[in-house]
>>> print(open('model_28.cif').read())   # mmCIF, C-alpha atoms
data_entry
loop_
_atom_site.label_atom_id
_atom_site.label_comp_id
_atom_site.auth_asym_id
_atom_site.auth_seq_id
_atom_site.Cartn_x
_atom_site.Cartn_y
_atom_site.Cartn_z
CA MET U 26 -60.96 -0.66 -110.60
CA ALA U 27 -59.65 0.84 -113.75
CA GLU U 28 -57.20 -1.75 -114.97
CA ALA U 29 -58.51 -5.00 -116.41
CA VAL U 30 -56.72 -7.83 -114.69
CA THR U 31 -56.75 -11.53 -115.29
CA LEU U 32 -55.76 -13.83 -112.50
CA SER U 33 -54.28 -16.91 -114.06
CA VAL U 34 -52.82 -19.77 -112.17
CA THR U 35 -50.72 -22.53 -113.70
CA GLY U 36 -49.69 -25.81 -112.18
CA LEU U 37 -50.19 -24.53 -108.66
CA ALA U 38 -49.45 -26.83 -105.73
CA VAL U 39 -50.21 -25.64 -102.23
CA ALA U 40 -49.37 -27.07 -98.83
CA ARG U 41 -50.68 -26.58 -95.34
CA GLY U 42 -48.32 -27.21 -92.46
CA GLY U 43 -45.83 -28.78 -94.88
CA VAL U 44 -48.38 -31.31 -96.16
CA PRO U 45 -49.38 -30.83 -99.82
CA VAL U 46 -53.14 -30.47 -100.20
CA LEU U 47 -53.65 -29.41 -103.81
CA GLU U 48 -51.56 -29.86 -106.92
CA GLY U 49 -51.72 -29.28 -110.64
CA LEU U 50 -54.26 -26.52 -110.25
CA SER U 51 -54.70 -24.25 -113.26
CA PHE U 52 -57.38 -21.71 -113.99
CA ALA U 53 -57.82 -18.26 -115.45
CA LEU U 54 -60.14 -15.66 -114.04
CA PRO U 55 -60.71 -12.66 -116.31
CA SER U 56 -61.95 -9.39 -114.91
CA GLY U 57 -65.68 -9.19 -114.38
CA LYS U 58 -65.95 -12.87 -113.47
CA ALA U 59 -66.34 -14.78 -110.25
CA LEU U 60 -65.01 -18.23 -109.47
CA ILE U 61 -66.61 -20.33 -106.77
CA LEU U 62 -64.42 -22.93 -105.10
CA ARG U 63 -66.15 -26.10 -104.01
CA GLY U 64 -64.85 -29.02 -102.05
CA PRO U 65 -65.44 -30.79 -98.78
CA ASN U 66 -63.90 -29.52 -95.53
CA GLY U 67 -60.14 -29.87 -95.69
CA ALA U 68 -60.08 -29.80 -99.48
CA GLY U 69 -57.68 -26.86 -99.36
CA LYS U 70 -59.97 -23.94 -100.13
CA THR U 71 -58.56 -21.69 -97.41
CA THR U 72 -54.99 -22.77 -98.14
CA LEU U 73 -55.49 -21.95 -101.81
CA LEU U 74 -56.89 -18.52 -100.99
CA ARG U 75 -54.05 -17.76 -98.57
CA THR U 76 -51.52 -18.82 -101.20
CA LEU U 77 -53.18 -16.62 -103.81
CA ALA U 78 -53.13 -13.72 -101.32
CA GLY U 79 -49.38 -14.15 -100.91
CA LEU U 80 -49.59 -15.14 -97.25
CA GLN U 81 -47.87 -18.43 -97.90
CA LEU U 82 -45.59 -19.78 -100.59
CA ALA U 83 -46.77 -22.15 -103.29
CA LEU U 84 -44.94 -25.47 -103.53
CA ALA U 85 -44.98 -25.25 -107.30
CA GLY U 86 -46.62 -23.35 -110.10
CA SER U 87 -47.06 -19.69 -110.83
CA LEU U 88 -49.49 -16.84 -110.37
CA SER U 89 -50.02 -14.12 -112.94
CA LEU U 90 -50.81 -11.38 -110.45
CA ALA U 91 -48.76 -9.77 -107.73
CA PRO U 92 -50.34 -9.83 -104.27
CA GLU U 93 -50.84 -6.06 -104.66
CA SER U 94 -53.89 -6.67 -106.85
CA LEU U 95 -55.59 -9.05 -104.45
CA THR U 96 -57.32 -8.65 -101.16
CA TYR U 97 -58.25 -11.39 -98.79
CA ALA U 98 -61.25 -11.68 -96.47
CA ALA U 99 -60.93 -14.51 -94.01
CA HIS U 100 -62.92 -15.91 -91.12
CA ALA U 101 -61.34 -13.25 -88.90
CA ASP U 102 -62.37 -9.84 -90.14
CA GLY U 103 -59.51 -7.73 -88.80
CA ILE U 104 -61.89 -5.60 -86.76
CA LYS U 105 -60.79 -3.86 -83.58
CA ALA U 106 -63.53 -4.17 -80.99
CA VAL U 107 -62.79 -0.87 -79.25
CA LEU U 108 -62.91 1.17 -82.45
CA THR U 109 -66.16 2.30 -84.04
CA VAL U 110 -67.38 1.01 -87.38
CA SER U 111 -66.25 4.14 -89.22
CA GLU U 112 -62.88 4.18 -87.42
CA ASN U 113 -62.26 0.59 -88.41
CA LEU U 114 -63.08 1.28 -92.05
CA SER U 115 -61.20 4.59 -92.13
CA PHE U 116 -58.10 2.79 -90.91
CA TRP U 117 -58.18 0.23 -93.72
CA ALA U 118 -59.02 2.96 -96.23
CA ALA U 119 -56.00 4.97 -95.06
CA VAL U 120 -53.73 1.93 -95.22
CA HIS U 121 -54.83 1.31 -98.80
CA GLY U 122 -54.85 4.99 -99.70
CA THR U 123 -58.53 5.22 -100.63
CA GLN U 124 -61.37 7.48 -99.50
CA GLU U 125 -64.51 5.44 -100.02
CA VAL U 126 -65.50 4.88 -96.39
CA ALA U 127 -68.97 6.43 -96.61
CA ALA U 128 -69.78 4.59 -99.83
CA ALA U 129 -68.62 1.28 -98.38
CA MET U 130 -70.74 1.77 -95.27
CA ALA U 131 -73.76 2.63 -97.38
CA ALA U 132 -73.21 -0.40 -99.61
CA MET U 133 -73.10 -2.82 -96.68
CA ASN U 134 -75.96 -1.08 -94.82
CA LEU U 135 -73.71 0.09 -91.97
CA THR U 136 -74.34 3.84 -92.10
CA ALA U 137 -76.70 3.75 -89.13
CA LEU U 138 -74.05 1.90 -87.13
CA ALA U 139 -71.15 4.20 -88.07
CA ASP U 140 -70.49 5.44 -84.53
CA ARG U 141 -71.16 2.16 -82.78
CA ARG U 142 -68.16 0.35 -81.31
CA ALA U 143 -67.43 -2.90 -83.10
CA ALA U 144 -67.58 -4.70 -79.75
CA HIS U 145 -71.30 -3.96 -79.64
CA LEU U 146 -72.09 -5.31 -83.11
CA SER U 147 -73.80 -8.63 -83.69
CA ALA U 148 -71.90 -11.38 -85.47
CA GLY U 149 -73.68 -10.63 -88.73
CA GLN U 150 -73.05 -6.90 -88.44
CA LYS U 151 -69.37 -7.59 -87.78
CA ARG U 152 -69.26 -9.74 -90.87
CA ARG U 153 -70.84 -6.94 -92.89
CA LEU U 154 -68.14 -4.60 -91.57
CA GLY U 155 -65.47 -7.13 -92.55
CA LEU U 156 -66.93 -7.31 -96.05
CA ALA U 157 -67.20 -3.52 -96.29
CA ARG U 158 -63.42 -3.49 -95.81
CA LEU U 159 -63.11 -5.13 -99.25
CA LEU U 160 -64.68 -2.06 -100.82
CA VAL U 161 -62.23 0.38 -99.23
CA THR U 162 -59.16 -1.59 -100.34
CA GLY U 163 -59.81 -0.60 -103.95
CA ARG U 164 -58.20 -3.83 -105.12
CA PRO U 165 -59.56 -5.61 -108.19
CA VAL U 166 -59.41 -9.26 -107.13
CA TRP U 167 -61.29 -10.33 -104.01
CA LEU U 168 -60.43 -13.60 -102.30
CA LEU U 169 -63.35 -14.53 -100.09
CA ASP U 170 -63.28 -17.30 -97.57
CA GLU U 171 -66.83 -18.23 -96.55
CA PRO U 172 -68.02 -14.62 -96.87
CA THR U 173 -71.59 -15.37 -95.84
CA VAL U 174 -70.93 -16.99 -92.46
CA SER U 175 -73.37 -15.56 -89.86
CA LEU U 176 -75.11 -13.36 -92.44
CA ASP U 177 -78.93 -13.48 -92.64
CA ALA U 178 -80.74 -13.98 -95.95
CA ALA U 179 -81.21 -10.25 -96.52
CA SER U 180 -77.51 -9.56 -95.92
CA VAL U 181 -76.49 -12.39 -98.25
CA THR U 182 -78.62 -10.76 -100.97
CA LEU U 183 -77.10 -7.38 -100.11
CA PHE U 184 -73.60 -8.78 -100.38
CA ALA U 185 -74.40 -10.60 -103.62
CA GLY U 186 -75.48 -7.21 -104.99
CA VAL U 187 -72.22 -5.58 -103.84
CA LEU U 188 -70.28 -8.45 -105.39
CA ARG U 189 -72.17 -8.06 -108.67
CA GLY U 190 -71.38 -4.34 -108.65
CA HIS U 191 -67.69 -5.15 -108.10
CA LEU U 192 -67.72 -7.59 -111.04
CA ALA U 193 -69.55 -5.11 -113.25
CA ALA U 194 -66.89 -2.52 -112.46
CA GLY U 195 -64.24 -4.86 -113.84
CA GLY U 196 -63.24 -6.60 -110.64
CA SER U 197 -63.19 -10.32 -110.04
CA ALA U 198 -63.55 -12.66 -107.10
CA VAL U 199 -62.53 -16.12 -105.96
CA ILE U 200 -65.04 -17.36 -103.42
CA ALA U 201 -64.90 -20.40 -101.19
CA THR U 202 -68.45 -21.05 -100.10
CA HIS U 203 -70.83 -23.86 -99.31
CA ILE U 204 -74.03 -21.93 -99.86
CA ASP U 205 -75.61 -20.51 -102.98
CA LEU U 206 -74.73 -16.83 -103.30
CA GLY U 207 -77.26 -16.25 -106.06
CA LEU U 208 -74.57 -15.71 -108.67
CA PRO U 209 -75.63 -18.12 -111.44
CA GLU U 210 -73.12 -16.57 -113.83
CA ALA U 211 -70.16 -17.51 -111.64
CA ALA U 212 -67.91 -20.37 -112.72
CA VAL U 213 -67.57 -23.24 -110.29
CA LEU U 214 -64.28 -25.01 -109.64
CA ASP U 215 -64.43 -28.30 -107.79
CA LEU U 216 -61.14 -28.83 -105.96
CA THR U 217 -61.60 -32.57 -105.42
CA PRO U 218 -59.76 -33.67 -108.61
CA PHE U 219 -56.73 -31.59 -107.67
CA LYS U 220 -56.18 -33.30 -104.34
CA ALA U 221 -52.44 -33.78 -103.85
CA ARG U 222 -51.14 -37.33 -104.29
CA ALA U 223 -49.16 -38.91 -101.53
CA PRO U 224 -45.39 -38.42 -102.01
CA GLN U 225 -44.87 -42.16 -102.65
CA ASP U 226 -47.30 -41.93 -105.58
CA GLY U 227 -45.25 -39.19 -107.18
CA GLY U 228 -46.80 -36.17 -105.48
CA ALA U 229 -44.83 -33.10 -104.53
CA LYS U 230 -43.09 -33.36 -101.22
CA GLY U 231 -43.68 -30.65 -98.67
CA ALA U 232 -40.30 -29.19 -97.90
CA PHE U 233 -39.40 -29.88 -94.30
CA ASP U 234 -37.71 -26.55 -93.97
CA GLU U 235 -40.17 -24.58 -96.07
CA ALA U 236 -39.97 -21.80 -93.52
CA PHE U 237 -36.48 -21.05 -94.71
CA SER U 238 -37.00 -21.36 -98.44
CA MET O 28 -48.60 5.00 -92.61
CA LEU O 29 -49.66 7.49 -90.01
CA ALA O 30 -52.98 5.65 -89.87
CA LEU O 31 -51.40 2.59 -88.26
CA LEU O 32 -49.62 4.70 -85.66
CA THR O 33 -52.76 6.64 -84.76
CA ARG O 34 -54.80 3.44 -84.67
CA ASP O 35 -52.34 1.77 -82.29
CA LEU O 36 -52.21 4.84 -80.06
CA ARG O 37 -55.99 5.07 -80.06
CA LEU O 38 -56.25 1.39 -79.16
CA ALA O 39 -53.79 1.91 -76.31
CA PHE O 40 -55.71 4.84 -74.88
CA ARG O 41 -59.14 3.24 -75.15
CA ALA O 42 -60.46 1.05 -72.35
CA GLY O 43 -58.36 -2.06 -71.82
CA GLY O 44 -55.64 -0.81 -74.13
CA GLY O 45 -52.96 -0.95 -71.47
CA PHE O 46 -51.80 2.65 -71.44
CA GLY O 47 -50.44 3.53 -68.03
CA LEU O 48 -49.97 -0.11 -67.11
CA GLY O 49 -46.20 0.01 -67.58
CA LEU O 50 -46.00 3.38 -65.89
CA ALA O 51 -47.96 2.19 -62.85
CA PHE O 52 -45.75 -0.88 -62.62
CA PHE O 53 -42.62 1.29 -62.81
CA LEU O 54 -44.01 3.47 -60.04
CA LEU O 55 -44.77 0.46 -57.87
CA VAL O 56 -41.26 -0.94 -58.27
CA ALA O 57 -39.74 2.39 -57.28
CA VAL O 58 -42.02 2.62 -54.26
CA LEU O 59 -41.57 -0.99 -53.14
CA VAL O 60 -37.78 -1.03 -53.25
CA PRO O 61 -37.29 1.59 -50.47
CA LEU O 62 -39.85 -0.33 -48.41
CA GLY O 63 -37.86 -3.53 -48.84
CA VAL O 64 -34.34 -2.14 -48.63
CA GLY O 65 -34.98 0.36 -45.87
CA PRO O 66 -34.97 4.12 -45.89
CA GLU O 67 -31.21 4.71 -45.70
CA GLY O 68 -30.46 7.34 -48.31
CA ALA O 69 -26.88 6.26 -48.93
CA VAL O 70 -27.86 2.68 -49.79
CA LEU O 71 -30.79 3.74 -51.96
CA ALA O 72 -28.71 6.32 -53.78
CA ARG O 73 -26.19 3.64 -54.69
CA ILE O 74 -28.75 1.22 -56.11
CA ALA O 75 -31.12 3.82 -57.60
CA PRO O 76 -29.73 3.74 -61.17
CA GLY O 77 -29.93 -0.05 -61.30
CA ILE O 78 -33.41 -0.20 -59.78
CA LEU O 79 -34.76 2.43 -62.13
CA TRP O 80 -33.33 0.65 -65.15
CA VAL O 81 -34.52 -2.80 -64.13
CA GLY O 82 -37.95 -1.32 -63.40
CA ALA O 83 -38.00 0.26 -66.86
CA LEU O 84 -37.06 -3.06 -68.50
CA LEU O 85 -39.81 -4.96 -66.72
CA ALA O 86 -42.37 -2.24 -67.34
CA CYS O 87 -41.58 -2.36 -71.07
CA LEU O 88 -41.92 -6.11 -71.05
CA LEU O 89 -45.43 -5.99 -69.58
CA SER O 90 -47.24 -4.85 -72.69
CA LEU O 91 -45.04 -6.53 -75.29
CA ASP O 92 -46.96 -9.77 -75.63
CA ARG O 93 -49.97 -7.83 -76.91
CA LEU O 94 -47.95 -6.10 -79.61
CA PHE O 95 -48.78 -8.58 -82.37
CA ALA O 96 -50.86 -11.21 -80.57
CA LEU O 97 -54.03 -9.11 -80.64
CA ASP O 98 -53.59 -8.41 -84.34
CA VAL O 99 -53.16 -12.10 -85.04
CA GLU O 100 -56.26 -13.00 -83.06
CA ASP O 101 -58.58 -10.71 -84.97
CA GLY O 102 -56.95 -11.31 -88.36
CA SER O 103 -55.56 -7.79 -88.74
CA LEU O 104 -52.01 -9.02 -89.15
CA ASP O 105 -52.98 -11.18 -92.15
CA LEU O 106 -54.62 -8.16 -93.70
CA LEU O 107 -51.71 -5.86 -92.85
CA ALA O 108 -49.33 -8.38 -94.39
CA THR O 109 -51.27 -8.16 -97.66
CA ALA O 110 -51.71 -4.38 -97.44
CA PRO O 111 -49.59 -2.02 -99.55
CA MET O 112 -47.50 -1.19 -96.47
CA PRO O 113 -44.29 -3.22 -96.13
CA LEU O 114 -44.33 -5.46 -93.08
CA GLU O 115 -41.03 -3.90 -91.96
CA VAL O 116 -42.80 -0.54 -91.74
CA VAL O 117 -45.68 -2.15 -89.85
CA VAL O 118 -43.22 -3.52 -87.29
CA ALA O 119 -41.36 -0.22 -86.98
CA LEU O 120 -44.59 1.73 -86.50
CA LYS O 121 -45.92 -0.70 -83.93
CA ALA O 122 -42.63 -0.50 -82.03
CA LEU O 123 -42.82 3.29 -82.21
CA ALA O 124 -46.37 3.22 -80.86
CA HIS O 125 -45.20 0.92 -78.07
CA TRP O 126 -42.41 3.33 -77.21
CA LEU O 127 -44.75 6.33 -77.19
CA VAL O 128 -47.12 4.50 -74.87
CA THR O 129 -44.49 2.91 -72.61
CA GLY O 130 -40.92 4.18 -72.99
CA LEU O 131 -41.68 7.88 -73.28
CA PRO O 132 -43.90 8.08 -70.16
CA LEU O 133 -41.27 6.07 -68.24
CA THR O 134 -38.58 8.54 -69.28
CA LEU O 135 -40.69 11.49 -68.21
CA ALA O 136 -41.70 9.93 -64.90
CA ALA O 137 -38.23 8.67 -63.98
CA PRO O 138 -36.96 11.90 -62.33
CA VAL O 139 -39.89 11.84 -59.91
CA LEU O 140 -39.10 8.27 -58.98
CA GLY O 141 -35.41 9.15 -58.74
CA LEU O 142 -36.45 11.45 -55.91
CA LEU O 143 -38.02 8.52 -54.07
CA LEU O 144 -34.77 6.59 -54.41
CA PHE O 145 -32.49 9.42 -53.25
CA LEU O 146 -30.80 9.63 -56.64
CA PRO O 147 -28.06 12.27 -56.31
CA GLU O 148 -28.93 15.51 -58.03
CA ALA O 149 -26.18 15.26 -60.63
CA GLY O 150 -27.72 12.00 -61.87
CA TYR O 151 -31.06 13.40 -63.10
CA PRO O 152 -30.00 14.68 -66.53
CA TRP O 153 -28.13 11.42 -67.11
CA LEU O 154 -31.15 9.37 -66.04
CA VAL O 155 -33.47 11.14 -68.46
CA ALA O 156 -30.92 11.08 -71.28
CA ALA O 157 -30.13 7.40 -70.75
CA LEU O 158 -33.79 6.37 -70.65
CA ALA O 159 -34.65 8.54 -73.66
CA LEU O 160 -31.87 6.93 -75.69
CA GLY O 161 -32.27 3.42 -74.31
CA THR O 162 -36.01 2.75 -74.17
CA PRO O 163 -36.46 2.83 -77.99
CA ALA O 164 -34.12 -0.18 -78.10
CA LEU O 165 -36.30 -1.93 -75.52
CA SER O 166 -39.37 -1.43 -77.72
CA VAL O 167 -37.69 -2.55 -80.94
CA ILE O 168 -35.98 -5.58 -79.39
CA GLY O 169 -39.31 -6.41 -77.76
CA ALA O 170 -41.09 -6.14 -81.09
CA PHE O 171 -38.62 -8.65 -82.52
CA GLY O 172 -39.32 -11.03 -79.61
CA ALA O 173 -43.06 -10.55 -80.04
CA ALA O 174 -42.71 -11.33 -83.75
CA LEU O 175 -40.83 -14.54 -82.98
CA THR O 176 -43.54 -15.74 -80.60
CA VAL O 177 -46.45 -14.53 -82.69
CA GLY O 178 -47.82 -17.97 -83.45
CA VAL O 179 -47.45 -19.24 -79.91
CA LYS O 180 -50.56 -19.29 -77.76
CA ARG O 181 -49.83 -17.62 -74.42
CA GLY O 182 -46.35 -16.78 -75.63
CA GLY O 183 -45.85 -14.08 -73.00
CA LEU O 184 -43.51 -16.06 -70.78
CA LEU O 185 -41.48 -17.36 -73.71
CA LEU O 186 -41.28 -13.79 -74.94
CA SER O 187 -39.84 -12.63 -71.60
CA LEU O 188 -37.26 -15.38 -71.64
CA LEU O 189 -36.23 -14.47 -75.19
CA VAL O 190 -36.19 -10.74 -74.77
CA LEU O 191 -34.71 -10.12 -71.32
CA PRO O 192 -31.23 -11.46 -72.19
CA LEU O 193 -31.25 -9.21 -75.25
CA TYR O 194 -31.90 -6.25 -72.98
CA VAL O 195 -28.66 -6.86 -71.06
CA PRO O 196 -26.34 -4.54 -73.03
CA THR O 197 -28.83 -1.68 -72.86
CA LEU O 198 -29.25 -2.27 -69.13
CA ILE O 199 -25.51 -2.35 -68.43
CA PHE O 200 -24.64 0.78 -70.39
CA GLY O 201 -27.77 2.64 -69.36
CA ALA O 202 -27.32 2.01 -65.65
CA GLU O 203 -23.60 2.73 -65.94
CA ALA O 204 -24.26 6.13 -67.51
CA VAL O 205 -26.64 7.06 -64.70
CA LYS O 206 -24.24 5.72 -62.05
CA ARG O 207 -21.37 7.79 -63.40
CA GLY O 208 -23.62 10.82 -63.70
CA ALA O 209 -24.81 10.40 -60.12
CA ALA O 210 -21.20 10.27 -58.94
CA ALA O 211 -20.62 13.56 -60.78
CA LEU O 212 -18.45 11.82 -63.37
CA ASP O 213 -18.76 11.93 -67.14
CA GLY O 214 -21.17 9.25 -68.40
CA THR O 215 -20.79 10.02 -72.08
CA THR O 216 -19.00 6.82 -73.02
CA PRO O 217 -21.67 4.34 -71.80
CA LEU O 218 -24.36 6.69 -73.08
CA VAL O 219 -22.88 6.73 -76.56
CA LEU O 220 -22.40 2.97 -76.57
CA MET O 221 -26.03 2.53 -75.57
CA ALA O 222 -27.19 4.95 -78.25
CA GLY O 223 -25.22 2.84 -80.72
CA ILE O 224 -27.08 -0.28 -79.60
CA THR O 225 -30.38 1.57 -79.99
CA LEU O 226 -29.53 2.78 -83.48
CA GLY O 227 -28.40 -0.67 -84.53
CA ALA O 228 -31.55 -2.27 -83.15
CA VAL O 229 -33.83 0.30 -84.78
CA ALA O 230 -32.07 -0.12 -88.11
CA LEU O 231 -31.90 -3.92 -88.25
CA LEU O 232 -34.54 -5.53 -86.09
CA PRO O 233 -37.66 -4.41 -88.02
CA PHE O 234 -36.36 -6.52 -90.92
CA ALA O 235 -35.76 -9.53 -88.70
CA ALA O 236 -39.15 -9.10 -87.05
CA ALA O 237 -40.94 -8.83 -90.39
CA ALA O 238 -39.26 -12.00 -91.59
CA ALA O 239 -40.29 -13.80 -88.41
CA ILE O 240 -43.89 -12.68 -88.85
CA ARG O 241 -43.98 -13.81 -92.48
CA ILE O 242 -42.83 -17.26 -91.42
CA ASN O 243 -45.26 -17.40 -88.51
CA LEU O 244 -48.24 -16.44 -90.66
CA ARG O 245 -47.77 -19.34 -93.06
#
>>> encode(input="model_28.cif", output="structure tokens")
Amino acid sequence: MAEAVTLSVTGLAVARGGVPVLEGLSFALPSGKALILRGPNGAGKTTLLRTLAGLQLALAGSLSLAPESLTYAAHADGIKAVLTVSENLSFWAAVHGTQEVAAAMAAMNLTALADRRAAHLSAGQKRRLGLARLLVTGRPVWLLDEPTVSLDAASVTLFAGVLRGHLAAGGSAVIATHIDLGLPEAAVLDLTPFKARAPQDGGAKGAFDEAFS
Amino acid sequence: MLALLTRDLRLAFRAGGGFGLGLAFFLLVAVLVPLGVGPEGAVLARIAPGILWVGALLACLLSLDRLFALDVEDGSLDLLATAPMPLEVVVALKALAHWLVTGLPLTLAAPVLGLLLFLPEAGYPWLVAALALGTPALSVIGAFGAALTVGVKRGGLLLSLLVLPLYVPTLIFGAEAVKRGAAALDGTTPLVLMAGITLGAVALLPFAAAAAIRINLR
């Protein structure tokens, strides 16, 4: 996490299934900071994170960072059940060209489970493995979608510590969460005011053939 | 890049990974046909190239629907799409892993099954050569079909309907090469045409498949 990166977003409009959900979104996230996204279910938190990650196209607006600086952790952790914990992490480390498997396992308290198949992990342990993957990507900006789902209180504290370490090392994070992560220094962005207007009220129209744009 | 290949191979060899499934199916087809057609060597020898090729096509098809579907289910494909590896490379490597797990064992086992079907002796080198050159196309074309149906729940049947017609040229030239070889004629022309199809598919389809996946992930 050597380079200092600022994620800045200007006039972003995002759509899900061709229907605009957010528009006119602008924020800047300097390195070392976390941004917590708030909003009711369906407010567009996941859609925003997927757009930032480069998995879908924005309807309008621009992003300051290429997807190469960001990594995304979704509800599905990308874990193969028949591989062991260390095999899963080693794979993602190899894909991203990093070596920090042992450190990542230690940070997320997985060392004792290293040789256990992921199929035999509990939901919370799987989640910890999914979060440990963030550490082996070596990417500065983390996009976290409900990172604490199925984690117990101790693991939430553990993860908050890992997150704080990531921020201290110059990284940053955008987090969609409903619970308090214990990061009082994090900025909070409420998505409600950015809800997309209906097209007849002047909102952006979702392109019918967006798949081909 | 090697990591993805080794991971896919490891997944295939672990329990429930499907290694050997295509091979066992291929074996069953080759065993069932003589039972259905009757044991007359002359008849079997005539249809052997076609049966072996159709069996290989269907065996390849068996494991195709898992190619990307499993990675979509557990979120790996999202993460691979944002990884530093181009999606085209991901597709090519997954097709290669599929070929190593399916096409290559089929090619190696085919001579044994040719024996069951009274394939004339002169046909064996042509059978192995044709399968070795043709099965990579089956895997790559299949990967393209799997990419098209990636967002479809239970897309296996749709995948078969999309992919089987695309297998037709490979089937025609592949079976023709073996037929000519078995009749002690020169099968080079169909073999070369089939190799051309394979090269074209390997060169172009990873790009098409990657584009299809990008659209399906949105």
>>> residues_around(input="model_28.cif", residues="Phe46 (chain O)", least_positions_apart="6", cutoff="10 Å", atoms="all atoms listed in the file", output="JSON list (two decimals) with C-alpha atoms, in the frame of the given file")
[["chain", "number", "residue", "atom", "x", "y", "z"],
["O", 36, "LEU", "CA", -52.21, 4.84, -80.06],
["O", 37, "ARG", "CA", -55.99, 5.07, -80.06],
["O", 38, "LEU", "CA", -56.25, 1.39, -79.16],
["O", 39, "ALA", "CA", -53.79, 1.91, -76.31],
["O", 40, "PHE", "CA", -55.71, 4.84, -74.88],
["O", 90, "SER", "CA", -47.24, -4.85, -72.69],
["O", 125, "HIS", "CA", -45.20, 0.92, -78.07],
["O", 127, "LEU", "CA", -44.75, 6.33, -77.19],
["O", 128, "VAL", "CA", -47.12, 4.50, -74.87],
["O", 129, "THR", "CA", -44.49, 2.91, -72.61],
["O", 132, "PRO", "CA", -43.90, 8.08, -70.16]]
>>> residues_around(input="model_28.cif", residues="region 201-210 of chain U", least_positions_apart="6", cutoff="7 Å", atoms="only C-alpha atoms", output="VMD selection string")
chain U and resid 61 to 63 70 169 to 171 181 185
>>> interface_residues(input="model_28.cif", of="chain O", to="chain U", cutoff="7 Å", atoms="all atoms listed in the file", output="MDAnalysis selection string")
chainID O and resid 28 30 38 41 101:103 106 109:111 242 244:245
>>> resolve_selection(input="model_28.cif", expression="the PyMOL selection byres ((chain O and resi 60-75) around 7)", output="list in words")
Val56, Ala57, Val58, Leu59, Pro76, Gly77, Ile78, Leu79, Gly141, Leu144, Phe145, Leu146 and Pro147 of chain O
>>> write_last_selection(input="model_28.cif", atoms="C-alpha atoms", output="PDB file, keeping the file's coordinate frame")
ATOM      1  CA  VAL O  56     -41.260  -0.940 -58.270  1.00  0.00           C
ATOM      2  CA  ALA O  57     -39.740   2.390 -57.280  1.00  0.00           C
ATOM      3  CA  VAL O  58     -42.020   2.620 -54.260  1.00  0.00           C
ATOM      4  CA  LEU O  59     -41.570  -0.990 -53.140  1.00  0.00           C
ATOM      5  CA  PRO O  76     -29.730   3.740 -61.170  1.00  0.00           C
ATOM      6  CA  GLY O  77     -29.930  -0.050 -61.300  1.00  0.00           C
ATOM      7  CA  ILE O  78     -33.410  -0.200 -59.780  1.00  0.00           C
ATOM      8  CA  LEU O  79     -34.760   2.430 -62.130  1.00  0.00           C
ATOM      9  CA  GLY O 141     -35.410   9.150 -58.740  1.00  0.00           C
ATOM     10  CA  LEU O 144     -34.770   6.590 -54.410  1.00  0.00           C
ATOM     11  CA  PHE O 145     -32.490   9.420 -53.250  1.00  0.00           C
ATOM     12  CA  LEU O 146     -30.800   9.630 -56.640  1.00  0.00           C
ATOM     13  CA  PRO O 147     -28.060  12.270 -56.310  1.00  0.00           C
TER      14      PRO O 147
END
>>> residues_around(input="model_28.cif", residues="Asn134 (chain U)", least_positions_apart="3", cutoff="9 Å", atoms="all atoms listed in the file", output="number ranges by chain")
U: 129-131, 137-138, 153, 180, 183
>>> decode(input="model_28.cif", residues="region 184-193 of chain U", atoms="N, CA and C atoms", output="PDB file, in the first residue's frame")
ATOM      1  N   PHE U 184     -12.098  -7.665  12.894  1.00  0.00           N
ATOM      2  CA  PHE U 184     -12.096  -7.102  11.553  1.00  0.00           C
ATOM      3  C   PHE U 184     -11.933  -5.581  11.596  1.00  0.00           C
ATOM      4  N   ALA U 185     -12.576  -4.946  12.584  1.00  0.00           N
ATOM      5  CA  ALA U 185     -12.412  -3.495  12.715  1.00  0.00           C
ATOM      6  C   ALA U 185     -10.934  -3.157  12.922  1.00  0.00           C
ATOM      7  N   GLY U 186     -10.237  -4.014  13.691  1.00  0.00           N
ATOM      8  CA  GLY U 186      -8.798  -3.800  13.902  1.00  0.00           C
ATOM      9  C   GLY U 186      -8.023  -3.928  12.610  1.00  0.00           C
ATOM     10  N   VAL U 187      -8.363  -4.980  11.805  1.00  0.00           N
ATOM     11  CA  VAL U 187      -7.692  -5.183  10.514  1.00  0.00           C
ATOM     12  C   VAL U 187      -7.936  -3.981   9.603  1.00  0.00           C
ATOM     13  N   LEU U 188      -9.183  -3.510   9.622  1.00  0.00           N
ATOM     14  CA  LEU U 188      -9.572  -2.379   8.785  1.00  0.00           C
ATOM     15  C   LEU U 188      -8.788  -1.135   9.198  1.00  0.00           C
ATOM     16  N   ARG U 189      -8.650  -0.948  10.523  1.00  0.00           N
ATOM     17  CA  ARG U 189      -7.918   0.215  11.021  1.00  0.00           C
ATOM     18  C   ARG U 189      -6.449   0.132  10.587  1.00  0.00           C
ATOM     19  N   GLY U 190      -5.901  -1.095  10.630  1.00  0.00           N
ATOM     20  CA  GLY U 190      -4.514  -1.281  10.183  1.00  0.00           C
ATOM     21  C   GLY U 190      -4.370  -0.935   8.717  1.00  0.00           C
ATOM     22  N   HIS U 191      -5.371  -1.338   7.910  1.00  0.00           N
ATOM     23  CA  HIS U 191      -5.361  -1.058   6.473  1.00  0.00           C
ATOM     24  C   HIS U 191      -5.397   0.445   6.232  1.00  0.00           C
ATOM     25  N   LEU U 192      -6.236   1.162   7.005  1.00  0.00           N
ATOM     26  CA  LEU U 192      -6.340   2.612   6.847  1.00  0.00           C
ATOM     27  C   LEU U 192      -5.036   3.280   7.271  1.00  0.00           C
ATOM     28  N   ALA U 193      -4.474   2.780   8.377  1.00  0.00           N
ATOM     29  CA  ALA U 193      -3.230   3.375   8.879  1.00  0.00           C
ATOM     30  C   ALA U 193      -2.103   3.190   7.867  1.00  0.00           C
TER      31      ALA U 193
END
